[in-house]
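K.L.:
Just one file: target-v8.txt, with compact mmCIF, N, CA and C atoms.
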# COMPACT_ATOMS: atom_id res chain seq x y z
N MET N 136 -34.23 -61.24 -53.45
CA MET N 136 -34.20 -59.82 -53.69
C MET N 136 -35.15 -59.48 -54.82
N SER N 137 -36.01 -58.52 -54.60
CA SER N 137 -36.95 -58.08 -55.62
C SER N 137 -36.29 -57.01 -56.48
N ILE N 138 -36.67 -57.01 -57.74
CA ILE N 138 -36.11 -56.02 -58.65
C ILE N 138 -37.24 -55.51 -59.53
N SER N 139 -37.33 -54.22 -59.71
CA SER N 139 -38.42 -53.63 -60.48
C SER N 139 -38.19 -53.80 -61.97
N GLY N 140 -39.27 -53.61 -62.74
CA GLY N 140 -39.16 -53.70 -64.20
C GLY N 140 -38.18 -52.70 -64.75
N GLN N 141 -38.17 -51.49 -64.19
CA GLN N 141 -37.24 -50.46 -64.65
C GLN N 141 -35.80 -50.89 -64.39
N GLU N 142 -35.54 -51.46 -63.20
CA GLU N 142 -34.20 -51.92 -62.89
C GLU N 142 -33.79 -53.08 -63.80
N THR N 143 -34.75 -53.95 -64.10
CA THR N 143 -34.46 -55.08 -64.99
C THR N 143 -34.07 -54.58 -66.37
N THR N 144 -34.79 -53.58 -66.89
CA THR N 144 -34.49 -53.03 -68.20
C THR N 144 -33.10 -52.40 -68.21
N ALA N 145 -32.67 -51.84 -67.06
CA ALA N 145 -31.38 -51.17 -66.99
C ALA N 145 -30.21 -52.14 -66.86
N LEU N 146 -30.47 -53.42 -66.58
CA LEU N 146 -29.39 -54.38 -66.48
C LEU N 146 -28.63 -54.46 -67.80
N SER N 147 -27.32 -54.57 -67.70
CA SER N 147 -26.53 -54.79 -68.91
C SER N 147 -26.80 -56.19 -69.43
N LYS N 148 -26.42 -56.45 -70.67
CA LYS N 148 -26.59 -57.79 -71.22
C LYS N 148 -25.84 -58.80 -70.36
N ARG N 149 -24.65 -58.47 -69.95
CA ARG N 149 -23.84 -59.38 -69.15
C ARG N 149 -24.49 -59.67 -67.81
N GLU N 150 -25.03 -58.63 -67.15
CA GLU N 150 -25.71 -58.81 -65.87
C GLU N 150 -26.94 -59.71 -66.03
N LEU N 151 -27.70 -59.49 -67.10
CA LEU N 151 -28.89 -60.30 -67.34
C LEU N 151 -28.52 -61.77 -67.54
N LEU N 152 -27.44 -62.03 -68.26
CA LEU N 152 -27.02 -63.42 -68.48
C LEU N 152 -26.70 -64.11 -67.16
N GLY N 153 -26.30 -63.36 -66.15
CA GLY N 153 -26.03 -63.94 -64.84
C GLY N 153 -27.28 -64.48 -64.15
N PHE N 154 -28.48 -64.11 -64.62
CA PHE N 154 -29.73 -64.63 -64.07
C PHE N 154 -30.15 -65.93 -64.74
N VAL N 155 -29.53 -66.30 -65.85
CA VAL N 155 -29.85 -67.55 -66.54
C VAL N 155 -29.18 -68.69 -65.75
N PRO N 156 -29.98 -69.63 -65.22
CA PRO N 156 -29.38 -70.69 -64.40
C PRO N 156 -28.20 -71.39 -65.06
N LEU N 157 -28.28 -71.68 -66.34
CA LEU N 157 -27.19 -72.36 -67.03
C LEU N 157 -25.93 -71.52 -67.08
N PHE N 158 -26.07 -70.20 -67.19
CA PHE N 158 -24.93 -69.31 -67.35
C PHE N 158 -24.46 -68.69 -66.03
N ALA N 159 -25.23 -68.82 -64.96
CA ALA N 159 -24.99 -68.08 -63.73
C ALA N 159 -23.60 -68.29 -63.14
N ARG N 160 -23.04 -69.48 -63.30
CA ARG N 160 -21.72 -69.75 -62.72
C ARG N 160 -20.60 -69.74 -63.76
N PHE N 161 -20.91 -69.23 -64.93
CA PHE N 161 -19.88 -69.15 -65.97
C PHE N 161 -18.76 -68.22 -65.50
N PRO N 162 -17.53 -68.51 -65.90
CA PRO N 162 -16.44 -67.57 -65.60
C PRO N 162 -16.74 -66.21 -66.25
N SER N 163 -16.32 -65.16 -65.60
CA SER N 163 -16.58 -63.80 -66.06
C SER N 163 -16.21 -63.58 -67.53
N PRO N 164 -15.03 -64.05 -67.99
CA PRO N 164 -14.68 -63.82 -69.39
C PRO N 164 -15.66 -64.49 -70.37
N VAL N 165 -16.20 -65.65 -70.00
CA VAL N 165 -17.15 -66.34 -70.88
C VAL N 165 -18.46 -65.56 -70.94
N LEU N 166 -18.94 -65.06 -69.80
CA LEU N 166 -20.15 -64.23 -69.80
C LEU N 166 -19.96 -62.97 -70.65
N THR N 167 -18.79 -62.39 -70.57
CA THR N 167 -18.50 -61.19 -71.36
C THR N 167 -18.55 -61.49 -72.84
N VAL N 168 -17.97 -62.61 -73.25
CA VAL N 168 -18.01 -63.00 -74.66
C VAL N 168 -19.44 -63.28 -75.10
N LEU N 169 -20.22 -63.99 -74.28
CA LEU N 169 -21.62 -64.25 -74.60
C LEU N 169 -22.38 -62.94 -74.78
N ALA N 170 -22.17 -62.00 -73.87
CA ALA N 170 -22.88 -60.72 -73.95
C ALA N 170 -22.55 -59.98 -75.24
N ARG N 171 -21.33 -60.09 -75.70
CA ARG N 171 -20.93 -59.42 -76.94
C ARG N 171 -21.55 -60.07 -78.17
N ARG N 172 -21.92 -61.35 -78.06
CA ARG N 172 -22.42 -62.11 -79.21
C ARG N 172 -23.93 -62.11 -79.34
N CYS N 173 -24.64 -61.37 -78.49
CA CYS N 173 -26.09 -61.35 -78.60
C CYS N 173 -26.58 -59.95 -78.91
N ASP N 174 -27.80 -59.89 -79.40
CA ASP N 174 -28.44 -58.62 -79.73
C ASP N 174 -29.58 -58.36 -78.76
N SER N 175 -29.83 -57.10 -78.48
CA SER N 175 -31.05 -56.73 -77.76
C SER N 175 -32.17 -56.65 -78.78
N ALA N 176 -33.34 -57.16 -78.41
CA ALA N 176 -34.48 -57.15 -79.33
C ALA N 176 -35.73 -56.78 -78.55
N ARG N 177 -36.61 -56.05 -79.20
CA ARG N 177 -37.92 -55.73 -78.62
C ARG N 177 -38.95 -56.37 -79.54
N SER N 178 -39.86 -57.14 -78.92
CA SER N 178 -40.90 -57.83 -79.68
C SER N 178 -42.27 -57.40 -79.18
N PRO N 179 -43.12 -56.92 -80.08
CA PRO N 179 -44.47 -56.52 -79.66
C PRO N 179 -45.37 -57.73 -79.38
N ALA N 180 -46.43 -57.48 -78.62
CA ALA N 180 -47.41 -58.52 -78.33
C ALA N 180 -47.90 -59.13 -79.64
N GLY N 181 -48.06 -60.45 -79.63
CA GLY N 181 -48.55 -61.17 -80.81
C GLY N 181 -47.44 -61.75 -81.68
N THR N 182 -46.21 -61.35 -81.46
CA THR N 182 -45.09 -61.85 -82.25
C THR N 182 -44.81 -63.31 -81.89
N VAL N 183 -44.69 -64.16 -82.90
CA VAL N 183 -44.29 -65.55 -82.70
C VAL N 183 -42.77 -65.60 -82.88
N ILE N 184 -42.06 -65.99 -81.81
CA ILE N 184 -40.61 -66.00 -81.89
C ILE N 184 -40.04 -67.41 -82.12
N LEU N 185 -40.82 -68.43 -81.83
CA LEU N 185 -40.46 -69.82 -82.15
C LEU N 185 -41.73 -70.52 -82.61
N THR N 186 -41.57 -71.42 -83.56
CA THR N 186 -42.71 -72.19 -84.04
C THR N 186 -42.44 -73.68 -83.84
N GLU N 187 -43.40 -74.35 -83.25
CA GLU N 187 -43.29 -75.79 -82.98
C GLU N 187 -42.91 -76.55 -84.25
N ASP N 188 -41.98 -77.47 -84.11
CA ASP N 188 -41.49 -78.35 -85.18
C ASP N 188 -40.63 -77.63 -86.22
N ASP N 189 -40.29 -76.37 -85.99
CA ASP N 189 -39.39 -75.65 -86.89
C ASP N 189 -37.97 -75.67 -86.32
N ARG N 190 -37.01 -75.51 -87.22
CA ARG N 190 -35.61 -75.37 -86.79
C ARG N 190 -35.47 -74.10 -85.96
N VAL N 191 -34.63 -74.15 -84.94
CA VAL N 191 -34.43 -72.99 -84.07
C VAL N 191 -33.18 -72.25 -84.53
N ASP N 192 -33.38 -71.05 -85.07
CA ASP N 192 -32.27 -70.23 -85.56
C ASP N 192 -31.75 -69.27 -84.50
N HIS N 193 -32.56 -69.05 -83.44
CA HIS N 193 -32.20 -68.13 -82.36
C HIS N 193 -32.75 -68.69 -81.05
N PHE N 194 -32.09 -68.37 -79.96
CA PHE N 194 -32.73 -68.55 -78.67
C PHE N 194 -32.72 -67.20 -77.98
N TYR N 195 -33.55 -67.07 -76.96
CA TYR N 195 -33.80 -65.78 -76.35
C TYR N 195 -33.66 -65.85 -74.84
N VAL N 196 -33.27 -64.73 -74.26
CA VAL N 196 -33.27 -64.56 -72.81
C VAL N 196 -34.21 -63.39 -72.52
N LEU N 197 -35.17 -63.63 -71.64
CA LEU N 197 -36.17 -62.61 -71.32
C LEU N 197 -35.61 -61.56 -70.36
N ARG N 198 -35.76 -60.31 -70.75
CA ARG N 198 -35.41 -59.19 -69.87
C ARG N 198 -36.69 -58.70 -69.20
N THR N 199 -37.70 -58.39 -69.99
CA THR N 199 -39.02 -57.97 -69.47
C THR N 199 -40.09 -58.49 -70.42
N GLY N 200 -41.31 -58.62 -69.89
CA GLY N 200 -42.45 -59.04 -70.69
C GLY N 200 -42.90 -60.44 -70.35
N ARG N 201 -43.80 -60.97 -71.20
CA ARG N 201 -44.36 -62.31 -70.99
C ARG N 201 -44.45 -63.02 -72.33
N VAL N 202 -44.11 -64.32 -72.32
CA VAL N 202 -44.15 -65.14 -73.52
C VAL N 202 -44.92 -66.42 -73.20
N ALA N 203 -45.91 -66.75 -74.04
CA ALA N 203 -46.69 -67.97 -73.86
C ALA N 203 -46.09 -69.09 -74.69
N LEU N 204 -45.96 -70.26 -74.08
CA LEU N 204 -45.50 -71.45 -74.79
C LEU N 204 -46.69 -72.39 -74.97
N SER N 205 -46.81 -72.95 -76.17
CA SER N 205 -47.90 -73.90 -76.43
C SER N 205 -47.38 -75.06 -77.27
N GLN N 206 -48.04 -76.21 -77.12
CA GLN N 206 -47.77 -77.39 -77.94
C GLN N 206 -49.08 -77.81 -78.57
N SER N 207 -49.07 -77.96 -79.88
CA SER N 207 -50.28 -78.32 -80.62
C SER N 207 -51.44 -77.41 -80.26
N GLY N 208 -51.14 -76.13 -80.05
CA GLY N 208 -52.17 -75.14 -79.75
C GLY N 208 -52.63 -75.12 -78.30
N VAL N 209 -52.08 -76.00 -77.46
CA VAL N 209 -52.48 -76.07 -76.05
C VAL N 209 -51.43 -75.34 -75.20
N PRO N 210 -51.86 -74.35 -74.39
CA PRO N 210 -50.90 -73.64 -73.53
C PRO N 210 -50.20 -74.61 -72.56
N VAL N 211 -48.86 -74.45 -72.43
CA VAL N 211 -48.11 -75.31 -71.51
C VAL N 211 -47.38 -74.51 -70.44
N ARG N 212 -47.05 -73.26 -70.70
CA ARG N 212 -46.30 -72.47 -69.72
C ARG N 212 -46.26 -71.02 -70.18
N THR N 213 -46.12 -70.12 -69.21
CA THR N 213 -45.89 -68.72 -69.51
C THR N 213 -44.53 -68.33 -68.95
N ILE N 214 -43.69 -67.75 -69.78
CA ILE N 214 -42.36 -67.29 -69.39
C ILE N 214 -42.50 -65.85 -68.91
N THR N 215 -42.10 -65.58 -67.66
CA THR N 215 -42.30 -64.24 -67.10
C THR N 215 -41.09 -63.72 -66.33
N GLU N 216 -40.15 -64.56 -65.97
CA GLU N 216 -39.05 -64.16 -65.11
C GLU N 216 -37.84 -63.70 -65.92
N ARG N 217 -37.21 -62.61 -65.48
CA ARG N 217 -35.99 -62.17 -66.15
C ARG N 217 -34.99 -63.32 -66.09
N GLY N 218 -34.28 -63.53 -67.18
CA GLY N 218 -33.31 -64.61 -67.26
C GLY N 218 -33.89 -65.93 -67.75
N ASP N 219 -35.25 -66.02 -67.86
CA ASP N 219 -35.84 -67.22 -68.45
C ASP N 219 -35.41 -67.30 -69.92
N THR N 220 -35.22 -68.51 -70.40
CA THR N 220 -34.80 -68.68 -71.79
C THR N 220 -35.92 -69.29 -72.62
N ILE N 221 -35.89 -68.98 -73.90
CA ILE N 221 -36.85 -69.51 -74.86
C ILE N 221 -36.04 -70.07 -76.02
N GLY N 222 -36.13 -71.37 -76.21
CA GLY N 222 -35.42 -72.02 -77.32
C GLY N 222 -34.04 -72.54 -77.01
N LEU N 223 -33.53 -72.29 -75.81
CA LEU N 223 -32.17 -72.72 -75.48
C LEU N 223 -32.04 -74.24 -75.51
N GLY N 224 -33.03 -74.95 -74.99
CA GLY N 224 -32.97 -76.42 -75.00
C GLY N 224 -32.84 -76.97 -76.41
N ALA N 225 -33.58 -76.40 -77.35
CA ALA N 225 -33.50 -76.86 -78.74
C ALA N 225 -32.13 -76.56 -79.34
N VAL N 226 -31.54 -75.44 -78.97
CA VAL N 226 -30.20 -75.10 -79.46
C VAL N 226 -29.17 -76.07 -78.90
N LEU N 227 -29.26 -76.35 -77.60
CA LEU N 227 -28.28 -77.24 -76.97
C LEU N 227 -28.38 -78.66 -77.48
N THR N 228 -29.59 -79.11 -77.80
CA THR N 228 -29.78 -80.49 -78.27
C THR N 228 -29.79 -80.58 -79.80
N ARG N 229 -29.74 -79.42 -80.44
CA ARG N 229 -29.79 -79.35 -81.91
C ARG N 229 -31.03 -80.05 -82.46
N GLN N 230 -32.14 -79.81 -81.78
CA GLN N 230 -33.43 -80.37 -82.16
C GLN N 230 -34.35 -79.26 -82.67
N TYR N 231 -35.46 -79.65 -83.25
CA TYR N 231 -36.47 -78.70 -83.65
C TYR N 231 -37.22 -78.21 -82.41
N SER N 232 -37.88 -77.07 -82.52
CA SER N 232 -38.62 -76.53 -81.40
C SER N 232 -39.77 -77.44 -81.02
N ARG N 233 -39.91 -77.68 -79.72
CA ARG N 233 -41.01 -78.51 -79.22
C ARG N 233 -42.24 -77.66 -78.90
N VAL N 234 -42.09 -76.33 -78.97
CA VAL N 234 -43.18 -75.42 -78.61
C VAL N 234 -43.27 -74.28 -79.61
N THR N 235 -44.43 -73.61 -79.59
CA THR N 235 -44.58 -72.31 -80.23
C THR N 235 -44.51 -71.28 -79.11
N ALA N 236 -43.69 -70.25 -79.31
CA ALA N 236 -43.53 -69.19 -78.31
C ALA N 236 -44.09 -67.90 -78.88
N THR N 237 -45.12 -67.37 -78.21
CA THR N 237 -45.80 -66.17 -78.67
C THR N 237 -45.70 -65.09 -77.59
N VAL N 238 -45.29 -63.90 -77.98
CA VAL N 238 -45.18 -62.78 -77.06
C VAL N 238 -46.59 -62.35 -76.63
N ILE N 239 -46.81 -62.30 -75.30
CA ILE N 239 -48.11 -61.88 -74.75
C ILE N 239 -48.11 -60.38 -74.50
N THR N 240 -47.08 -59.89 -73.83
CA THR N 240 -46.92 -58.45 -73.62
C THR N 240 -45.56 -58.08 -74.21
N GLU N 241 -45.45 -56.86 -74.69
CA GLU N 241 -44.19 -56.44 -75.31
C GLU N 241 -43.00 -56.92 -74.48
N CYS N 242 -42.02 -57.48 -75.17
CA CYS N 242 -40.86 -58.06 -74.49
C CYS N 242 -39.57 -57.38 -74.91
N ASP N 243 -38.68 -57.24 -73.94
CA ASP N 243 -37.29 -56.93 -74.21
C ASP N 243 -36.54 -58.25 -74.02
N LEU N 244 -35.76 -58.61 -75.02
CA LEU N 244 -35.09 -59.90 -75.05
C LEU N 244 -33.64 -59.74 -75.45
N LEU N 245 -32.83 -60.71 -75.08
CA LEU N 245 -31.53 -60.88 -75.72
C LEU N 245 -31.72 -62.01 -76.71
N ARG N 246 -31.17 -61.84 -77.90
CA ARG N 246 -31.33 -62.84 -78.96
C ARG N 246 -29.95 -63.34 -79.39
N PHE N 247 -29.81 -64.66 -79.37
CA PHE N 247 -28.57 -65.31 -79.78
C PHE N 247 -28.82 -66.11 -81.04
N GLY N 248 -28.00 -65.92 -82.05
CA GLY N 248 -28.06 -66.77 -83.23
C GLY N 248 -27.49 -68.14 -82.89
N THR N 249 -28.16 -69.19 -83.31
CA THR N 249 -27.71 -70.56 -83.01
C THR N 249 -26.30 -70.79 -83.54
N ARG N 250 -26.07 -70.45 -84.79
CA ARG N 250 -24.75 -70.68 -85.39
C ARG N 250 -23.67 -69.89 -84.64
N GLN N 251 -23.97 -68.64 -84.32
CA GLN N 251 -22.99 -67.81 -83.61
C GLN N 251 -22.71 -68.37 -82.21
N PHE N 252 -23.75 -68.90 -81.56
CA PHE N 252 -23.56 -69.47 -80.24
C PHE N 252 -22.59 -70.65 -80.31
N TRP N 253 -22.78 -71.53 -81.28
CA TRP N 253 -21.90 -72.70 -81.38
C TRP N 253 -20.51 -72.34 -81.88
N GLU N 254 -20.38 -71.25 -82.64
CA GLU N 254 -19.05 -70.80 -83.05
C GLU N 254 -18.21 -70.38 -81.84
N LEU N 255 -18.88 -70.02 -80.75
CA LEU N 255 -18.16 -69.67 -79.54
C LEU N 255 -17.33 -70.84 -79.01
N ALA N 256 -17.75 -72.05 -79.33
CA ALA N 256 -17.00 -73.23 -78.86
C ALA N 256 -15.56 -73.20 -79.37
N THR N 257 -15.34 -72.61 -80.54
CA THR N 257 -13.97 -72.50 -81.04
C THR N 257 -13.35 -71.15 -80.67
N ASP N 258 -14.17 -70.10 -80.62
CA ASP N 258 -13.66 -68.76 -80.29
C ASP N 258 -13.36 -68.61 -78.80
N ALA N 259 -14.14 -69.27 -77.97
CA ALA N 259 -13.97 -69.18 -76.51
C ALA N 259 -13.89 -70.61 -75.96
N PRO N 260 -12.70 -71.17 -75.92
CA PRO N 260 -12.56 -72.57 -75.53
C PRO N 260 -13.09 -72.89 -74.13
N ASP N 261 -13.30 -71.87 -73.29
CA ASP N 261 -13.86 -72.11 -71.96
C ASP N 261 -15.38 -72.33 -72.00
N LEU N 262 -16.02 -72.12 -73.17
CA LEU N 262 -17.47 -72.24 -73.24
C LEU N 262 -17.95 -73.66 -72.97
N LEU N 263 -17.40 -74.65 -73.65
CA LEU N 263 -17.89 -76.02 -73.49
C LEU N 263 -17.71 -76.54 -72.06
N PRO N 264 -16.54 -76.35 -71.43
CA PRO N 264 -16.45 -76.77 -70.02
C PRO N 264 -17.45 -76.02 -69.12
N ALA N 265 -17.68 -74.73 -69.41
CA ALA N 265 -18.63 -73.96 -68.60
C ALA N 265 -20.05 -74.48 -68.81
N LEU N 266 -20.41 -74.81 -70.06
CA LEU N 266 -21.72 -75.39 -70.34
C LEU N 266 -21.90 -76.72 -69.61
N THR N 267 -20.88 -77.57 -69.67
CA THR N 267 -20.95 -78.86 -69.00
C THR N 267 -21.14 -78.69 -67.50
N ALA N 268 -20.36 -77.80 -66.89
CA ALA N 268 -20.48 -77.55 -65.46
C ALA N 268 -21.85 -76.97 -65.12
N GLY N 269 -22.35 -76.06 -65.95
CA GLY N 269 -23.66 -75.47 -65.72
C GLY N 269 -24.77 -76.50 -65.80
N LEU N 270 -24.71 -77.38 -66.80
CA LEU N 270 -25.72 -78.43 -66.94
C LEU N 270 -25.67 -79.40 -65.77
N ALA N 271 -24.45 -79.77 -65.35
CA ALA N 271 -24.31 -80.68 -64.21
C ALA N 271 -24.88 -80.04 -62.94
N THR N 272 -24.62 -78.76 -62.74
CA THR N 272 -25.14 -78.07 -61.56
C THR N 272 -26.66 -78.02 -61.58
N MET N 273 -27.23 -77.71 -62.75
CA MET N 273 -28.69 -77.68 -62.86
C MET N 273 -29.27 -79.07 -62.59
N LEU N 274 -28.64 -80.10 -63.12
CA LEU N 274 -29.12 -81.46 -62.89
C LEU N 274 -29.05 -81.82 -61.41
N LEU N 275 -27.95 -81.49 -60.77
CA LEU N 275 -27.81 -81.78 -59.34
C LEU N 275 -28.78 -80.97 -58.49
N ASP N 276 -29.07 -79.73 -58.89
CA ASP N 276 -30.06 -78.94 -58.16
C ASP N 276 -31.43 -79.60 -58.26
N ALA N 277 -31.74 -80.15 -59.44
CA ALA N 277 -33.04 -80.79 -59.65
C ALA N 277 -33.10 -82.19 -59.03
N ARG N 278 -31.97 -82.88 -59.06
CA ARG N 278 -31.93 -84.26 -58.59
C ARG N 278 -30.58 -84.53 -57.92
N PRO N 279 -30.48 -84.27 -56.62
CA PRO N 279 -29.19 -84.36 -55.93
C PRO N 279 -28.51 -85.71 -56.04
N ASP N 280 -29.24 -86.78 -56.28
CA ASP N 280 -28.62 -88.11 -56.38
C ASP N 280 -28.28 -88.50 -57.82
N ALA N 281 -28.28 -87.53 -58.74
CA ALA N 281 -28.11 -87.83 -60.16
C ALA N 281 -26.82 -88.58 -60.48
N PHE N 282 -25.76 -88.33 -59.73
CA PHE N 282 -24.48 -88.95 -60.05
C PHE N 282 -24.02 -89.94 -58.99
N THR N 283 -24.94 -90.48 -58.20
CA THR N 283 -24.53 -91.37 -57.12
C THR N 283 -24.60 -92.85 -57.49
N SER N 284 -25.00 -93.17 -58.68
CA SER N 284 -25.12 -94.59 -59.02
C SER N 284 -23.81 -95.15 -59.51
How does the structure come out when it is put into structure tokens?
P.N.:
Amino acid sequence: MSISGQETTALSKRELLGFVPLFARFPSPVLTVLARRCDSARSPAGTVILTEDDRVDHFYVLRTGRVALSQSGVPVRTITERGDTIGLGAVLTRQYSRVTATVITECDLLRFGTRQFWELATDAPDLLPALTAGLATMLLDARPDAFTS
């Protein structure tokens, strides 16, 4: 199903989180709590939202716009799809950013504080099982034989 930029902008935070592969199958109450814990942010072109080898204090979910990812100054990917995440892997692994993320065209984003995201593990006890199930589903989608050994 195709969706226009205007329709994407009109999506609620909770609806947008449903486009994130990791969060797509989360129970409704967990998605609602996640939506309440994030901020909407607008970033103009040229804004650096993550810096390679720096601690990740926030991760982002793209609503609209384009974000370039680079490693050691070399372009590696452009984030363009609603629901794409920037920095989530570093938050989940508690690692430093492996990329620099620079806004190419003005972006509307959801922004999650790393500390606030992990505090949800105690505030919303369904979060960790939902994360585990989401990661397992993503792994199985990428590699159907992942758990057959």
K.L.:
Mind giving me the straight-line distance from CA of Leu157 (chain N) to CA of Met273 (chain N) in Å, one decimal?
P.N.:
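These atoms are spaced 6.9 Å apart.
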K.L.:
Quick one: distance from CA of Ser207 (chain N) to CA of Leu270 (chain N) in Å, one decimal?
P.N.:
28.1 Å
K.L.:
For the structure I just gave you, how does DSSP split region 160-258 of chain N - specifically, which residues are strand (DSSP E)? Reply as number ranges by chain.
P.N.:
N: 174-178, 183-185, 193-206, 209-214, 220-221, 235-248
K.L.:
Put those residues in a file: N, CA and C atoms, as a CSV table (one decimal), in the frame of the given file.
P.N.:
chain,number,residue,atom,x,y,z
N,174,ASP,N,-27.8,-59.9,-79.4
N,174,ASP,CA,-28.4,-58.6,-79.7
N,174,ASP,C,-29.6,-58.4,-78.8
N,175,SER,N,-29.8,-57.1,-78.5
N,175,SER,CA,-31.0,-56.7,-77.8
N,175,SER,C,-32.2,-56.6,-78.8
N,176,ALA,N,-33.3,-57.2,-78.4
N,176,ALA,CA,-34.5,-57.2,-79.3
N,176,ALA,C,-35.7,-56.8,-78.6
N,177,ARG,N,-36.6,-56.0,-79.2
N,177,ARG,CA,-37.9,-55.7,-78.6
N,177,ARG,C,-39.0,-56.4,-79.5
N,178,SER,N,-39.9,-57.1,-78.9
N,178,SER,CA,-40.9,-57.8,-79.7
N,178,SER,C,-42.3,-57.4,-79.2
N,183,VAL,N,-44.7,-64.2,-82.9
N,183,VAL,CA,-44.3,-65.6,-82.7
N,183,VAL,C,-42.8,-65.6,-82.9
N,184,ILE,N,-42.1,-66.0,-81.8
N,184,ILE,CA,-40.6,-66.0,-81.9
N,184,ILE,C,-40.0,-67.4,-82.1
N,185,LEU,N,-40.8,-68.4,-81.8
N,185,LEU,CA,-40.5,-69.8,-82.2
N,185,LEU,C,-41.7,-70.5,-82.6
N,193,HIS,N,-32.6,-69.0,-83.4
N,193,HIS,CA,-32.2,-68.1,-82.4
N,193,HIS,C,-32.8,-68.7,-81.0
N,194,PHE,N,-32.1,-68.4,-80.0
N,194,PHE,CA,-32.7,-68.6,-78.7
N,194,PHE,C,-32.7,-67.2,-78.0
N,195,TYR,N,-33.6,-67.1,-77.0
N,195,TYR,CA,-33.8,-65.8,-76.4
N,195,TYR,C,-33.7,-65.8,-74.8
N,196,VAL,N,-33.3,-64.7,-74.3
N,196,VAL,CA,-33.3,-64.6,-72.8
N,196,VAL,C,-34.2,-63.4,-72.5
N,197,LEU,N,-35.2,-63.6,-71.6
N,197,LEU,CA,-36.2,-62.6,-71.3
N,197,LEU,C,-35.6,-61.6,-70.4
N,198,ARG,N,-35.8,-60.3,-70.8
N,198,ARG,CA,-35.4,-59.2,-69.9
N,198,ARG,C,-36.7,-58.7,-69.2
N,199,THR,N,-37.7,-58.4,-70.0
N,199,THR,CA,-39.0,-58.0,-69.5
N,199,THR,C,-40.1,-58.5,-70.4
N,200,GLY,N,-41.3,-58.6,-69.9
N,200,GLY,CA,-42.4,-59.0,-70.7
N,200,GLY,C,-42.9,-60.4,-70.4
N,201,ARG,N,-43.8,-61.0,-71.2
N,201,ARG,CA,-44.4,-62.3,-71.0
N,201,ARG,C,-44.4,-63.0,-72.3
N,202,VAL,N,-44.1,-64.3,-72.3
N,202,VAL,CA,-44.2,-65.1,-73.5
N,202,VAL,C,-44.9,-66.4,-73.2
N,203,ALA,N,-45.9,-66.8,-74.0
N,203,ALA,CA,-46.7,-68.0,-73.9
N,203,ALA,C,-46.1,-69.1,-74.7
N,204,LEU,N,-46.0,-70.3,-74.1
N,204,LEU,CA,-45.5,-71.4,-74.8
N,204,LEU,C,-46.7,-72.4,-75.0
N,205,SER,N,-46.8,-73.0,-76.2
N,205,SER,CA,-47.9,-73.9,-76.4
N,205,SER,C,-47.4,-75.1,-77.3
N,206,GLN,N,-48.0,-76.2,-77.1
N,206,GLN,CA,-47.8,-77.4,-77.9
N,206,GLN,C,-49.1,-77.8,-78.6
N,209,VAL,N,-52.1,-76.0,-77.5
N,209,VAL,CA,-52.5,-76.1,-76.0
N,209,VAL,C,-51.4,-75.3,-75.2
N,210,PRO,N,-51.9,-74.4,-74.4
N,210,PRO,CA,-50.9,-73.6,-73.5
N,210,PRO,C,-50.2,-74.6,-72.6
N,211,VAL,N,-48.9,-74.4,-72.4
N,211,VAL,CA,-48.1,-75.3,-71.5
N,211,VAL,C,-47.4,-74.5,-70.4
N,212,ARG,N,-47.0,-73.3,-70.7
N,212,ARG,CA,-46.3,-72.5,-69.7
N,212,ARG,C,-46.3,-71.0,-70.2
N,213,THR,N,-46.1,-70.1,-69.2
N,213,THR,CA,-45.9,-68.7,-69.5
N,213,THR,C,-44.5,-68.3,-69.0
N,214,ILE,N,-43.7,-67.8,-69.8
N,214,ILE,CA,-42.4,-67.3,-69.4
N,214,ILE,C,-42.5,-65.8,-68.9
N,220,THR,N,-35.2,-68.5,-70.4
N,220,THR,CA,-34.8,-68.7,-71.8
N,220,THR,C,-35.9,-69.3,-72.6
N,221,ILE,N,-35.9,-69.0,-73.9
N,221,ILE,CA,-36.8,-69.5,-74.9
N,221,ILE,C,-36.0,-70.1,-76.0
N,235,THR,N,-44.4,-73.6,-79.6
N,235,THR,CA,-44.6,-72.3,-80.2
N,235,THR,C,-44.5,-71.3,-79.1
N,236,ALA,N,-43.7,-70.2,-79.3
N,236,ALA,CA,-43.5,-69.2,-78.3
N,236,ALA,C,-44.1,-67.9,-78.9
N,237,THR,N,-45.1,-67.4,-78.2
N,237,THR,CA,-45.8,-66.2,-78.7
N,237,THR,C,-45.7,-65.1,-77.6
N,238,VAL,N,-45.3,-63.9,-78.0
N,238,VAL,CA,-45.2,-62.8,-77.1
N,238,VAL,C,-46.6,-62.4,-76.6
N,239,ILE,N,-46.8,-62.3,-75.3
N,239,ILE,CA,-48.1,-61.9,-74.8
N,239,ILE,C,-48.1,-60.4,-74.5
N,240,THR,N,-47.1,-59.9,-73.8
N,240,THR,CA,-46.9,-58.4,-73.6
N,240,THR,C,-45.6,-58.1,-74.2
N,241,GLU,N,-45.4,-56.9,-74.7
N,241,GLU,CA,-44.2,-56.4,-75.3
N,241,GLU,C,-43.0,-56.9,-74.5
N,242,CYS,N,-42.0,-57.5,-75.2
N,242,CYS,CA,-40.9,-58.1,-74.5
N,242,CYS,C,-39.6,-57.4,-74.9
N,243,ASP,N,-38.7,-57.2,-73.9
N,243,ASP,CA,-37.3,-56.9,-74.2
N,243,ASP,C,-36.5,-58.2,-74.0
N,244,LEU,N,-35.8,-58.6,-75.0
N,244,LEU,CA,-35.1,-59.9,-75.0
N,244,LEU,C,-33.6,-59.7,-75.4
N,245,LEU,N,-32.8,-60.7,-75.1
N,245,LEU,CA,-31.5,-60.9,-75.7
N,245,LEU,C,-31.7,-62.0,-76.7
N,246,ARG,N,-31.2,-61.8,-77.9
N,246,ARG,CA,-31.3,-62.8,-79.0
N,246,ARG,C,-30.0,-63.3,-79.4
N,247,PHE,N,-29.8,-64.7,-79.4
N,247,PHE,CA,-28.6,-65.3,-79.8
N,247,PHE,C,-28.8,-66.1,-81.0
N,248,GLY,N,-28.0,-65.9,-82.0
N,248,GLY,CA,-28.1,-66.8,-83.2
N,248,GLY,C,-27.5,-68.1,-82.9
